[in-house]
Every structure is written in structure tokens, then in C-alpha cells.
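Chemist: So here's start-v8.cif (mmCIF, C-alpha atoms).
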```cif
data_input
#
loop_
_atom_site.group_PDB
_atom_site.id
_atom_site.type_symbol
_atom_site.label_atom_id
_atom_site.label_comp_id
_atom_site.auth_asym_id
_atom_site.auth_seq_id
_atom_site.Cartn_x
_atom_site.Cartn_y
_atom_site.Cartn_z
ATOM 1 C CA GLN A 1163 139.950 151.973 167.463
ATOM 2 C CA VAL A 1164 143.369 151.237 168.913
ATOM 3 C CA GLN A 1165 145.477 148.653 167.121
ATOM 4 C CA LEU A 1166 148.923 147.373 168.071
ATOM 5 C CA VAL A 1167 151.068 146.249 165.155
ATOM 6 C CA GLU A 1168 154.209 144.221 165.837
ATOM 7 C CA SER A 1169 157.160 143.643 163.524
ATOM 8 C CA GLY A 1170 160.718 142.366 163.635
ATOM 9 C CA GLY A 1171 160.282 138.676 164.351
ATOM 10 C CA GLY A 1172 162.053 135.956 162.411
ATOM 11 C CA LEU A 1173 164.436 133.019 162.468
ATOM 12 C CA VAL A 1174 167.831 133.548 164.068
ATOM 13 C CA PRO A 1175 170.616 131.201 165.269
ATOM 14 C CA ALA A 1176 171.404 130.905 168.943
ATOM 15 C CA GLY A 1177 173.533 133.827 170.081
ATOM 16 C CA GLY A 1178 171.992 136.163 167.540
ATOM 17 C CA SER A 1179 169.910 139.294 167.955
ATOM 18 C CA LEU A 1180 166.530 140.612 166.924
ATOM 19 C CA ARG A 1181 164.711 143.883 167.517
ATOM 20 C CA LEU A 1182 160.946 143.840 167.861
ATOM 21 C CA SER A 1183 158.819 146.931 167.323
ATOM 22 C CA CYS A 1184 155.201 147.618 168.219
ATOM 23 C CA VAL A 1185 153.391 150.736 167.037
ATOM 24 C CA ALA A 1186 150.007 151.812 168.343
ATOM 25 C CA ILE A 1187 147.640 153.005 165.625
ATOM 26 C CA GLY A 1188 144.428 154.935 166.153
ATOM 27 C CA THR A 1189 145.434 156.908 169.219
ATOM 28 C CA ILE A 1190 147.479 159.987 170.011
ATOM 29 C CA PHE A 1191 147.504 159.484 173.773
ATOM 30 C CA ARG A 1192 150.261 157.809 175.730
ATOM 31 C CA PHE A 1193 149.764 154.459 177.373
ATOM 32 C CA ASP A 1194 150.442 154.028 181.082
ATOM 33 C CA ALA A 1195 152.543 150.957 180.329
ATOM 34 C CA MET A 1196 153.629 148.973 177.303
ATOM 35 C CA GLY A 1197 155.254 145.612 177.194
ATOM 36 C CA TRP A 1198 155.973 142.273 175.598
ATOM 37 C CA TYR A 1199 154.709 138.800 176.411
ATOM 38 C CA ARG A 1200 155.831 135.474 174.996
ATOM 39 C CA GLN A 1201 153.811 132.364 174.292
ATOM 40 C CA ALA A 1202 155.757 129.171 173.645
ATOM 41 C CA PRO A 1203 154.033 126.250 171.881
ATOM 42 C CA THR A 1204 153.160 124.421 175.095
ATOM 43 C CA ASN A 1205 152.945 127.329 177.534
ATOM 44 C CA GLY A 1206 150.683 130.198 178.417
ATOM 45 C CA ARG A 1207 151.422 133.845 177.668
ATOM 46 C CA ASP A 1208 154.239 134.949 179.977
ATOM 47 C CA LEU A 1209 155.613 138.396 180.731
ATOM 48 C CA VAL A 1210 158.926 139.216 179.048
ATOM 49 C CA ALA A 1211 159.317 142.932 179.834
ATOM 50 C CA THR A 1212 157.274 146.049 180.539
ATOM 51 C CA ILE A 1213 157.994 149.759 180.645
ATOM 52 C CA THR A 1214 155.976 152.597 182.185
ATOM 53 C CA THR A 1215 155.669 156.261 181.249
ATOM 54 C CA ASP A 1216 158.428 157.163 183.742
ATOM 55 C CA ASP A 1217 160.668 154.506 182.168
ATOM 56 C CA GLY A 1218 160.259 152.047 184.992
ATOM 57 C CA THR A 1219 161.056 148.562 183.669
ATOM 58 C CA VAL A 1220 160.350 145.006 184.710
ATOM 59 C CA TYR A 1221 161.993 141.974 183.131
ATOM 60 C CA ALA A 1222 161.441 138.251 183.424
ATOM 61 C CA ASP A 1223 164.401 136.652 185.202
ATOM 62 C CA SER A 1224 165.141 134.545 182.132
ATOM 63 C CA VAL A 1225 165.853 137.605 179.948
ATOM 64 C CA LYS A 1226 167.591 139.972 182.368
ATOM 65 C CA GLY A 1227 170.896 141.172 180.970
ATOM 66 C CA ARG A 1228 170.014 140.020 177.440
ATOM 67 C CA PHE A 1229 166.845 141.941 176.507
ATOM 68 C CA THR A 1230 166.215 145.685 176.644
ATOM 69 C CA ILE A 1231 162.812 147.329 176.426
ATOM 70 C CA SER A 1232 162.390 150.956 175.391
ATOM 71 C CA ARG A 1233 159.614 153.242 174.218
ATOM 72 C CA ASP A 1234 159.195 156.310 172.044
ATOM 73 C CA ASP A 1235 156.035 158.093 173.161
ATOM 74 C CA ALA A 1236 156.206 160.569 170.284
ATOM 75 C CA LYS A 1237 155.729 157.596 167.969
ATOM 76 C CA ASN A 1238 153.578 155.536 170.360
ATOM 77 C CA THR A 1239 156.044 152.724 169.839
ATOM 78 C CA VAL A 1240 157.684 150.187 172.113
ATOM 79 C CA TYR A 1241 160.793 148.206 171.218
ATOM 80 C CA LEU A 1242 162.395 145.014 172.486
ATOM 81 C CA GLN A 1243 166.077 144.542 171.730
ATOM 82 C CA MET A 1244 166.889 140.865 172.139
ATOM 83 C CA ASP A 1245 170.545 139.835 172.296
ATOM 84 C CA SER A 1246 172.282 136.534 173.033
ATOM 85 C CA LEU A 1247 169.145 134.698 171.992
ATOM 86 C CA LYS A 1248 168.598 131.128 173.160
ATOM 87 C CA PRO A 1249 166.402 128.356 171.729
ATOM 88 C CA GLU A 1250 164.151 128.679 174.776
ATOM 89 C CA ASP A 1251 163.340 132.254 173.709
ATOM 90 C CA THR A 1252 161.347 130.776 170.832
ATOM 91 C CA GLY A 1253 157.677 131.692 170.754
ATOM 92 C CA VAL A 1254 155.110 134.194 169.598
ATOM 93 C CA TYR A 1255 155.794 137.622 171.045
ATOM 94 C CA TYR A 1256 152.771 139.779 171.790
ATOM 95 C CA CYS A 1257 152.767 143.503 172.372
ATOM 96 C CA ASN A 1258 150.583 144.792 175.198
ATOM 97 C CA ALA A 1259 149.518 148.310 176.125
ATOM 98 C CA LYS A 1260 147.567 149.542 179.130
ATOM 99 C CA ARG A 1261 145.706 152.789 179.680
ATOM 100 C CA GLY A 1262 143.681 153.039 182.868
ATOM 101 C CA SER A 1263 141.596 149.896 183.140
ATOM 102 C CA ARG A 1264 141.839 149.030 179.456
ATOM 103 C CA GLY A 1265 144.370 146.713 177.901
ATOM 104 C CA TYR A 1266 145.221 146.075 174.275
ATOM 105 C CA TRP A 1267 147.020 143.244 172.483
ATOM 106 C CA GLY A 1268 148.739 142.935 169.152
ATOM 107 C CA GLN A 1269 148.442 139.950 166.832
ATOM 108 C CA GLY A 1270 151.881 138.617 167.702
ATOM 109 C CA THR A 1271 155.138 138.072 165.848
ATOM 110 C CA GLN A 1272 156.969 134.747 165.674
ATOM 111 C CA VAL A 1273 160.519 134.471 166.983
ATOM 112 C CA THR A 1274 162.372 131.227 166.337
ATOM 113 C CA VAL A 1275 165.876 130.625 167.684
ATOM 114 C CA SER A 1276 167.680 127.642 166.204
ATOM 115 C CA SER A 1277 170.234 125.669 168.181
#
```
Mind converting the file's structure to C-alpha cells?

Modeler:
Amino acid sequence: QVQLVESGGGLVPAGGSLRLSCVAIGTIFRFDAMGWYRQAPTNGRDLVATITTDDGTVYADSVKGRFTISRDDAKNTVYLQMDSLKPEDTGVYYCNAKRGSRGYWGQGTQVTVSS
């Protein structure tokens, strides 16, 4: 059974940086795409960034130029480097992975940016 395990969240002041990691356990096969979504306290789960097997990336407009997504297929891991963090980046960050028609979610990691 595939499990996605996130790490790297925490409390950081505005302007700071965090690096999130998500490792896929229980599979040796690559995912077609991996990504990160954010859920703020009063919002739904919104796309932050995704990356495909050919390193194609998509970013939410609000994080362009500040966040960088990358993946290491040998480790079945996706990363999210978050720089110049803002209070509005606060939320639970969920890892997502897609293979064919199947999608998987992690349990989420909390990111809190203080003003």
C-alpha cells in the first residue's frame, strides 16, 4: 500500500524559509506527477506546485519566484523549498502523487508563518 509521508513543516517568521519533503513508501515505481497543496483554516485545498516526470512544473501565482519544487525519483521523494515566506502562506501542506488514474495524499504538515 502506497503511503506519502511529509516532513519539514514548522513555525517560521515572515521572510524565513522552510523545506518540505514527501517520501512515498510502499512502491518502487515512479509517479507521473507529484505536488503540494495547501489548505488554510478557512479555505479549501489549493494547488501550490506540481512537477512531472520530465520536470515540467506548475506553480500557483502567489508562490512564483519564492517556492521551488523538485523531485528525486531514485528516492521517490518530492521537495518544496519555500523562501521569503509570508503570513498568508500559513496552512497545512499536503503532498499529492498521481500514477495513471490513481491519486494519493499524505497526512499533511503544518506551516505557520508569523508576522

Chemist: Kindly resolve the PyMOL selection byres ((chain A and resi 1239-1254) around 9) on the present coordinates and return the residues as a ChimeraX atom specification.

Modeler: /A:1171,1174-1186,1196-1203,1207,1211,1213,1224-1225,1227-1238,1255-1257,1270-1277

Chemist: So that I can see what lies close to Thr1215 of chain A, please list as a PyMOL selection string the residues with an atom at most 8 Å from it, counting all atoms listed in the file and leaving out residues fewer than 3 positions away in the same chain.

Modeler: chain A and resi 1192-1195+1218

Chemist: Figure out the distance between atom CA of Gln1269 of chain A and atom CA of Ile1187 of chain A, please, to one decimal in Å.

Modeler: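 Going from atom CA of Ile1187 of chain A over to atom CA of Gln1269 of chain A, I get 13.1 Å.
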
Chemist: Report the distance between atom CA of Ile1190 of chain A and atom CA of Trp1267 of chain A in Å, rounded to one decimal place.

Modeler: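 Atom CA of Trp1267 of chain A lies 16.9 Å from atom CA of Ile1190 of chain A.
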
Chemist: Of the candidates A:Val1220, A:Leu1209, A:Glu1168, A:Gln1163, which one gets nearest to Gly1268 of chain A if we count only C-alpha atoms?

Modeler: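 Checking each of A:Val1220, A:Leu1209, A:Glu1168, A:Gln1163 against Gly1268 of chain A, counting only C-alpha atoms, the winner is A:Glu1168.
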
Chemist: Mind giving me the straight-line distance from atom CA of Ala1259 of chain A to atom CA of Thr1219 of chain A in Å, one decimal?

Modeler: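 So the answer is 13.8 Å.
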
Chemist: A:Ser1169, A:Thr1189, A:Thr1212, A:Asn1205: which is nearest Asn1258 of chain A, counting all atoms listed in the file?

Modeler: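 Between A:Ser1169, A:Thr1189, A:Thr1212, A:Asn1205, the residue approaching Asn1258 of chain A most closely is A:Thr1212.
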
Chemist: Identify which of the residues A:Arg1261, A:Gly1172, A:Asp1223, A:Gln1165 lies closest to Phe1191 of chain A, counting only C-alpha atoms when measuring atom-to-atom distances.

Modeler: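 Of A:Arg1261, A:Gly1172, A:Asp1223, A:Gln1165, the one nearest Phe1191 of chain A, counting only C-alpha atoms, is A:Arg1261.
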
Chemist: Take every atom of segment 1247-1260 of chain A listed in the file, pad by 3 Å on each side, and give me the axis-aligned box centre and edge lengths in Å, one decimal, as JSON.

Modeler:
```
{"center_x": 158.4, "center_y": 138.9, "center_z": 174.4, "size_x": 27.6, "size_y": 27.2, "size_z": 15.5}
```
